[in-house]
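Below is one structure, written out as structure tokens; the observations come after it.
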Amino acid sequence: MQPDHEAIAEQVFVALADPTRRAILAALASSGPATATDLADRLPITRQAIAKHLALLAEVGLVTAEPGERRRVRYRLRSAPMQVAQQFLAALARNWDGPLEALRDHLGR
Amino acid sequence: MGFPDRIERTVEIAHPPAKVWAALTTAEGLGTWFGNQATIDLRPGGAARMTWTEGHQADMRIERVEEPRVFGFTWHIYGLPDDDPRRTYVEFTLEPVAAGTRLTVVESGFAQLPEEGHHTAYDGNTRGWASELGELVDYLDAA
């Protein structure tokens, strides 16, 4: 794993460890690009807190800022870093112990 | 310290390699101990599929068939989106031992991120659904 991928994955896991950021990312994933105001309407979090977290998420590349309506900044989830993090999880989620046990049981020990 | 690129397990099985080989490379074997059902076209380049009663399935591309010692295939990386081109390589090695067979399975390629096509994939993913939906609108407008 190249170091920059390691760093990208780490940023994803750090972001996901915080419940507020998790809620913001989940909202962007489920409903698409949104402004801080949109998110404040939907989540039980103040607009100020949301804006602060969005700025942080944009800084590490987990969301991108783009011009929205009425000169508001709209944020969009970036899936690429999530897919890098997913690779880490893939190795952890792969279960070979179970199938190999099943193979031995199938053949009769 | 990075996460693993490869996973390796070795087990000893109290049966000769021929029997283990059959369990690994036939639809009947794979559909019993691994999946709930399986199909396999056992040749390099051939396709195999395992399905589970809960509804998921795994599609494999056979890469190595060296009876009764090496069986290798690639499959989709667990958890990544279906259209992601990355695949891991799984290789079973069967070694005859006094007690029967020493079976080693190595799955490698978890850490890969192909440099080629990397940017395309990234750009594609960044554009994502909004762009797909935009194309759908264009298509419908043109019709």
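Each chain in the structure tokens gets a letter, A, B and so on, in the order shown; residues start at 1 in every chain, and ligands are counted from 1 in the order they appear.
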Could you name the residues that touch stretch 1-15 of chain A at 6 Å or less, counting only C-alpha atoms, but leaving out those on the same chain fewer than 4 positions away, as an mmCIF file with C-alpha atoms, in the first residue's frame?
```cif
data_model
loop_
_atom_site.group_PDB
_atom_site.id
_atom_site.type_symbol
_atom_site.label_atom_id
_atom_site.label_comp_id
_atom_site.auth_asym_id
_atom_site.auth_seq_id
_atom_site.Cartn_x
_atom_site.Cartn_y
_atom_site.Cartn_z
ATOM 1 C CA VAL A 84 -9.299 3.608 -0.949
ATOM 2 C CA ALA A 85 -10.446 3.084 2.645
ATOM 3 C CA ALA B 111 -3.375 -3.027 -1.731
#
```
At most 12 Å to chain B: residues in chain A, only C-alpha atoms, as a PyMOL selection string: chain A and resi 1-7+9-10+29-33+61-64+76-109
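The closest residue to B:Leu42, picked from B:Thr88, B:Thr74, B:Thr26, B:Gln57 and counting only C-alpha atoms, is B:Thr26.
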Pick from A:Thr35, A:Leu16, A:Tyr75, A:Arg21 nearest to A:His53, counting only C-alpha atoms: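 Going through A:Thr35, A:Leu16, A:Tyr75, A:Arg21 one by one, the smallest distance to A:His53 is for A:Arg21.
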Quick check for you: according to DSSP on this backbone, which residues of chain A are classed as strand (DSSP E or B)? Reply as a PDB file with N, CA and C atoms, in the first residue's frame.
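Wrote result.pdb, looks like this:
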```
ATOM      1  N   ALA A  34     -25.219  19.258  -1.041  1.00  0.00           N
ATOM      2  CA  ALA A  34     -26.040  20.127  -0.196  1.00  0.00           C
ATOM      3  C   ALA A  34     -25.192  21.257   0.358  1.00  0.00           C
ATOM      4  N   THR A  35     -25.851  22.365   0.724  1.00  0.00           N
ATOM      5  CA  THR A  35     -25.159  23.476   1.376  1.00  0.00           C
ATOM      6  C   THR A  35     -25.206  23.245   2.886  1.00  0.00           C
ATOM      7  N   VAL A  63     -14.889  15.872   0.750  1.00  0.00           N
ATOM      8  CA  VAL A  63     -15.989  16.533   0.036  1.00  0.00           C
ATOM      9  C   VAL A  63     -15.368  17.612  -0.849  1.00  0.00           C
ATOM     10  N   THR A  64     -16.076  17.998  -1.902  1.00  0.00           N
ATOM     11  CA  THR A  64     -15.597  19.126  -2.706  1.00  0.00           C
ATOM     12  C   THR A  64     -16.625  20.245  -2.617  1.00  0.00           C
ATOM     13  N   ALA A  65     -16.092  21.459  -2.578  1.00  0.00           N
ATOM     14  CA  ALA A  65     -16.955  22.631  -2.527  1.00  0.00           C
ATOM     15  C   ALA A  65     -17.200  23.094  -3.955  1.00  0.00           C
ATOM     16  N   GLU A  66     -18.425  23.468  -4.259  1.00  0.00           N
ATOM     17  CA  GLU A  66     -18.750  23.949  -5.606  1.00  0.00           C
ATOM     18  C   GLU A  66     -19.798  25.058  -5.476  1.00  0.00           C
ATOM     19  N   PRO A  67     -19.881  25.930  -6.485  1.00  0.00           N
ATOM     20  CA  PRO A  67     -20.862  27.004  -6.385  1.00  0.00           C
ATOM     21  C   PRO A  67     -22.283  26.451  -6.457  1.00  0.00           C
ATOM     22  N   VAL A  73     -22.188  28.033  -1.048  1.00  0.00           N
ATOM     23  CA  VAL A  73     -21.277  26.935  -1.378  1.00  0.00           C
ATOM     24  C   VAL A  73     -22.003  25.614  -1.141  1.00  0.00           C
ATOM     25  N   ARG A  74     -21.913  24.784  -2.143  1.00  0.00           N
ATOM     26  CA  ARG A  74     -22.555  23.480  -2.029  1.00  0.00           C
ATOM     27  C   ARG A  74     -21.465  22.417  -1.926  1.00  0.00           C
ATOM     28  N   TYR A  75     -21.699  21.404  -1.124  1.00  0.00           N
ATOM     29  CA  TYR A  75     -20.694  20.361  -0.904  1.00  0.00           C
ATOM     30  C   TYR A  75     -21.156  19.037  -1.487  1.00  0.00           C
ATOM     31  N   ARG A  76     -20.182  18.368  -2.064  1.00  0.00           N
ATOM     32  CA  ARG A  76     -20.451  17.095  -2.729  1.00  0.00           C
ATOM     33  C   ARG A  76     -19.493  16.043  -2.157  1.00  0.00           C
ATOM     34  N   LEU A  77     -20.012  14.863  -1.883  1.00  0.00           N
ATOM     35  CA  LEU A  77     -19.177  13.781  -1.370  1.00  0.00           C
ATOM     36  C   LEU A  77     -18.201  13.305  -2.445  1.00  0.00           C
TER      37      LEU A  77
END
```
So which residues touch B:Ala58 within 7 Å, counting only C-alpha atoms, skipping near sequence neighbours fewer than 6 positions away, as number ranges by chain? B: 49-51
At what distance in Å, to one decimal, does atom CA of B:Phe92 lie from atom CA of B:Val70?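 Rounded to one decimal, the two atoms are 5.7 Å apart.
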